[in-house]
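Next comes input37.pdb, with PDB, C-alpha atoms, pLDDT in the B column.
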ATOM      1  CA  MET J   1      12.607  -5.094  -2.280  1.00 86.00           C
ATOM      2  CA  GLN J   2      11.043  -6.419  -5.462  1.00 84.00           C
ATOM      3  CA  PHE J   3      11.195  -9.899  -6.927  1.00 84.00           C
ATOM      4  CA  PHE J   4      11.832 -10.433 -10.652  1.00 82.00           C
ATOM      5  CA  PRO J   5      11.249  -6.748 -11.516  1.00 80.00           C
ATOM      6  CA  ALA J   6      12.819  -7.025 -14.972  1.00 81.00           C
ATOM      7  CA  ILE J   7      11.910 -10.527 -16.104  1.00 83.00           C
ATOM      8  CA  SER J   8      11.894 -10.799 -19.892  1.00 84.00           C
ATOM      9  CA  GLU J   9       8.724 -11.294 -21.933  1.00 84.00           C
ATOM     10  CA  GLU J  10       9.969 -14.728 -23.040  1.00 85.00           C
ATOM     11  CA  TRP J  11      10.172 -15.916 -19.415  1.00 83.00           C
ATOM     12  CA  GLN J  12       6.877 -14.468 -18.144  1.00 81.00           C
ATOM     13  CA  GLU J  13       5.101 -17.858 -17.976  1.00 84.00           C
ATOM     14  CA  ASP J  14       8.191 -20.032 -17.362  1.00 86.00           C
ATOM     15  CA  ALA J  15       9.357 -21.459 -14.044  1.00 89.00           C
ATOM     16  CA  VAL J  16      12.179 -19.182 -12.857  1.00 90.00           C
ATOM     17  CA  SER J  17      14.019 -19.196  -9.527  1.00 92.00           C
ATOM     18  CA  PHE J  18      17.119 -18.090  -7.675  1.00 93.00           C
ATOM     19  CA  THR J  19      18.648 -19.242  -4.379  1.00 95.00           C
ATOM     20  CA  GLY J  20      20.889 -17.568  -1.832  1.00 95.00           C
ATOM     21  CA  PHE J  21      21.029 -14.056  -3.307  1.00 94.00           C
ATOM     22  CA  LEU J  22      22.701 -11.738  -0.788  1.00 95.00           C
ATOM     23  CA  ALA J  23      20.642  -8.544  -0.693  1.00 92.00           C
ATOM     24  CA  GLY J  24      21.254  -5.381   1.284  1.00 84.00           C
ATOM     25  CA  ASN J  25      21.686  -5.524   5.067  1.00 82.00           C
ATOM     26  CA  GLY J  26      22.871  -9.141   4.929  1.00 89.00           C
ATOM     27  CA  LEU J  27      19.524 -10.586   3.858  1.00 94.00           C
ATOM     28  CA  LEU J  28      19.697 -13.938   2.032  1.00 96.00           C
ATOM     29  CA  VAL J  29      16.880 -14.240  -0.485  1.00 95.00           C
ATOM     30  CA  SER J  30      15.526 -17.189  -2.475  1.00 95.00           C
ATOM     31  CA  ALA J  31      12.482 -16.912  -4.733  1.00 92.00           C
ATOM     32  CA  SER J  32      10.591 -18.746  -7.444  1.00 91.00           C
ATOM     33  CA  ARG J  33       7.796 -17.976  -9.853  1.00 89.00           C
ATOM     34  CA  ASP J  34       5.798 -20.261 -12.099  1.00 88.00           C
ATOM     35  CA  GLY J  35       2.990 -19.663 -14.570  1.00 85.00           C
ATOM     36  CA  GLY J  36       3.389 -15.890 -14.339  1.00 83.00           C
ATOM     37  CA  ARG J  37       2.946 -15.768 -10.528  1.00 83.00           C
ATOM     38  CA  MET J  38       5.224 -15.838  -7.536  1.00 84.00           C
ATOM     39  CA  ALA J  39       5.356 -19.338  -6.040  1.00 86.00           C
ATOM     40  CA  SER J  40       7.598 -18.764  -3.012  1.00 89.00           C
ATOM     41  CA  VAL J  41       9.962 -16.346  -1.311  1.00 90.00           C
ATOM     42  CA  THR J  42      12.298 -17.167   1.567  1.00 94.00           C
ATOM     43  CA  LEU J  43      14.133 -14.458   3.484  1.00 94.00           C
ATOM     44  CA  LEU J  44      16.888 -15.264   5.979  1.00 96.00           C
ATOM     45  CA  PRO J  45      18.054 -12.128   7.775  1.00 95.00           C
ATOM     46  CA  ARG J  46      21.423 -11.780   9.466  1.00 94.00           C
ATOM     47  CA  ARG J  47      20.016  -8.832  11.428  1.00 93.00           C
ATOM     48  CA  SER J  48      16.607  -8.186  12.930  1.00 94.00           C
ATOM     49  CA  GLY J  49      14.503  -5.428  11.384  1.00 92.00           C
ATOM     50  CA  ASP J  50      11.897  -4.477   8.795  1.00 92.00           C
ATOM     51  CA  VAL J  51      11.973  -5.274   5.088  1.00 91.00           C
ATOM     52  CA  ARG J  52       9.672  -3.437   2.672  1.00 90.00           C
ATOM     53  CA  ILE J  53       8.213  -5.640  -0.075  1.00 87.00           C
ATOM     54  CA  LYS J  54       7.064  -3.513  -3.015  1.00 85.00           C
ATOM     55  CA  ASN J  55       3.956  -4.337  -5.035  1.00 75.00           C
ATOM     56  CA  TRP J  56       2.427  -6.568  -2.357  1.00 73.00           C
ATOM     57  CA  ALA J  57      -0.661  -7.252  -4.505  1.00 71.00           C
ATOM     58  CA  SER J  58       1.436  -9.580  -6.679  1.00 72.00           C
ATOM     59  CA  LEU J  59       2.321 -11.637  -3.573  1.00 76.00           C
ATOM     60  CA  SER J  60      -0.906 -11.465  -1.568  1.00 75.00           C
ATOM     61  CA  HIS J  61      -1.896 -15.013  -2.627  1.00 79.00           C
ATOM     62  CA  LEU J  62       1.056 -16.381  -0.617  1.00 81.00           C
ATOM     63  CA  ALA J  63       0.850 -17.588   3.000  1.00 87.00           C
ATOM     64  CA  LEU J  64       3.379 -16.253   5.532  1.00 86.00           C
ATOM     65  CA  SER J  65       5.327 -18.329   8.038  1.00 89.00           C
ATOM     66  CA  GLY J  66       7.886 -16.663  10.288  1.00 88.00           C
ATOM     67  CA  GLY J  67       8.027 -12.901  10.734  1.00 87.00           C
ATOM     68  CA  THR J  68       5.124 -10.514  11.068  1.00 88.00           C
ATOM     69  CA  LEU J  69       3.490  -8.502   8.318  1.00 88.00           C
ATOM     70  CA  ARG J  70       1.722  -5.165   8.124  1.00 88.00           C
ATOM     71  CA  LEU J  71       0.529  -3.273   5.055  1.00 87.00           C
ATOM     72  CA  GLU J  72       1.573   0.298   4.320  1.00 86.00           C
ATOM     73  CA  ASP J  73       0.840   2.278   1.139  1.00 85.00           C
ATOM     74  CA  GLY J  74       0.370  -0.828  -1.030  1.00 82.00           C
ATOM     75  CA  ASP J  75       3.606  -2.389   0.203  1.00 86.00           C
ATOM     76  CA  ALA J  76       4.155  -5.002   2.887  1.00 86.00           C
ATOM     77  CA  LEU J  77       6.478  -4.437   5.812  1.00 90.00           C
ATOM     78  CA  LEU J  78       7.865  -7.691   7.169  1.00 91.00           C
ATOM     79  CA  THR J  79       9.434  -7.619  10.612  1.00 93.00           C
ATOM     80  CA  LEU J  80      12.161 -10.243  10.674  1.00 94.00           C
ATOM     81  CA  THR J  81      14.282 -11.761  13.427  1.00 94.00           C
ATOM     82  CA  ALA J  82      17.978 -12.430  12.835  1.00 94.00           C
ATOM     83  CA  GLY J  83      18.638 -16.048  11.904  1.00 94.00           C
ATOM     84  CA  GLN J  84      14.924 -16.925  11.586  1.00 94.00           C
ATOM     85  CA  ALA J  85      13.698 -17.723   8.068  1.00 94.00           C
ATOM     86  CA  CYS J  86      10.527 -16.077   6.827  1.00 93.00           C
ATOM     87  CA  THR J  87       8.729 -17.874   4.003  1.00 91.00           C
ATOM     88  CA  LEU J  88       5.923 -16.776   1.725  1.00 87.00           C
ATOM     89  CA  ARG J  89       4.572 -19.820  -0.086  1.00 85.00           C
ATOM     90  CA  GLN J  90       1.702 -20.570  -2.407  1.00 77.00           C
ATOM     91  CA  VAL J  91      -1.065 -22.476  -0.615  1.00 74.00           C
ATOM     92  CA  PRO J  92      -2.388 -25.480  -2.586  1.00 65.00           C
TER      93      PRO J  92
END
With the file now loaded, output its structure as structure tokens.
Amino acid sequence: MQFFPAISEEWQEDAVSFTGFLAGNGLLVSASRDGGRMASVTLLPRRSGDVRIKNWASLSHLALSGGTLRLEDGDALLTLTAGQACTLRQVP
């Protein structure tokens, strides 16, 4: 999974977000970015399992709540529990 992989040049520094996107395997995704960086990501899985987050370096400034995380080949693997939200949020 990648967040905002094809954002236009005009929007690179703008605040951009989406809410309730239904991704593969019944995963509800909401995300926002501001000032050229990810600000938050919330994942709400319908099923338990792992989700691979590509390009983890662009998200490594975010704090994790819910789920467990391990790094593998530059990506993050999040282990999620069905019905339990996992949030990555910028720490002030």
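With all atoms listed in the file as the basis for measurement, J:Met38 is the residue among J:Asp73, J:Leu78, J:Gly67, J:Met38 that approaches Val91 in chain J most closely.
Nearest to Ser8 in chain J of all the residues J:Gly36, J:Glu72, J:Ala85, J:Lys54 is J:Gly36, counting all atoms listed in the file.
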(request) Within 12 Å of Trp11 in chain J, counting only C-alpha atoms, which residues show up once you throw out same-chain ones fewer than 6 positions away? Write them as a count of residues only, please. (result) 7
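Proximity of J:Ala6, J:Ala76, J:Leu43, J:Met1 to Leu88 in chain J, computed with only C-alpha atoms, is greatest for J:Leu43.
Using all atoms listed in the file for every distance, the candidate list J:Asn25, J:Thr68, J:Gln2, J:Ser30 yields J:Gln2 as the residue closest to Trp56 in chain J.
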Could you write out as lines of an AutoDock Vina configuration file the box around range 70-82 of chain J (axis-aligned, all atoms listed in the file, 6 Å on each side), with centre and edge lengths in Å to one decimal?
center_x = 9.2
center_y = -5.1
center_z = 6.2
size_x = 29.6
size_y = 26.7
size_z = 26.5
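You will find CA of Thr79 in chain J at 28.3 Å from CA of Ala15 in chain J.
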(message) For the PyMOL selection byres ((chain J and resi 45) around 12), applied here, can you spell out every residue it catches as a ChimeraX atom specification?
(response) /J:20-30,42-44,46-51,66-67,78-87
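Restricting the calculation to all atoms listed in the file, the smallest distance between Ser60 in chain J and any of J:Ala31, J:Gln90, J:Glu9, J:Leu77 is found for J:Gln90.
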(message) For a test of reading the model, state the distance in Å between CA of Ser40 in chain J and CA of Leu62 in chain J, rounded to one decimal.
(response) 7.4 Å
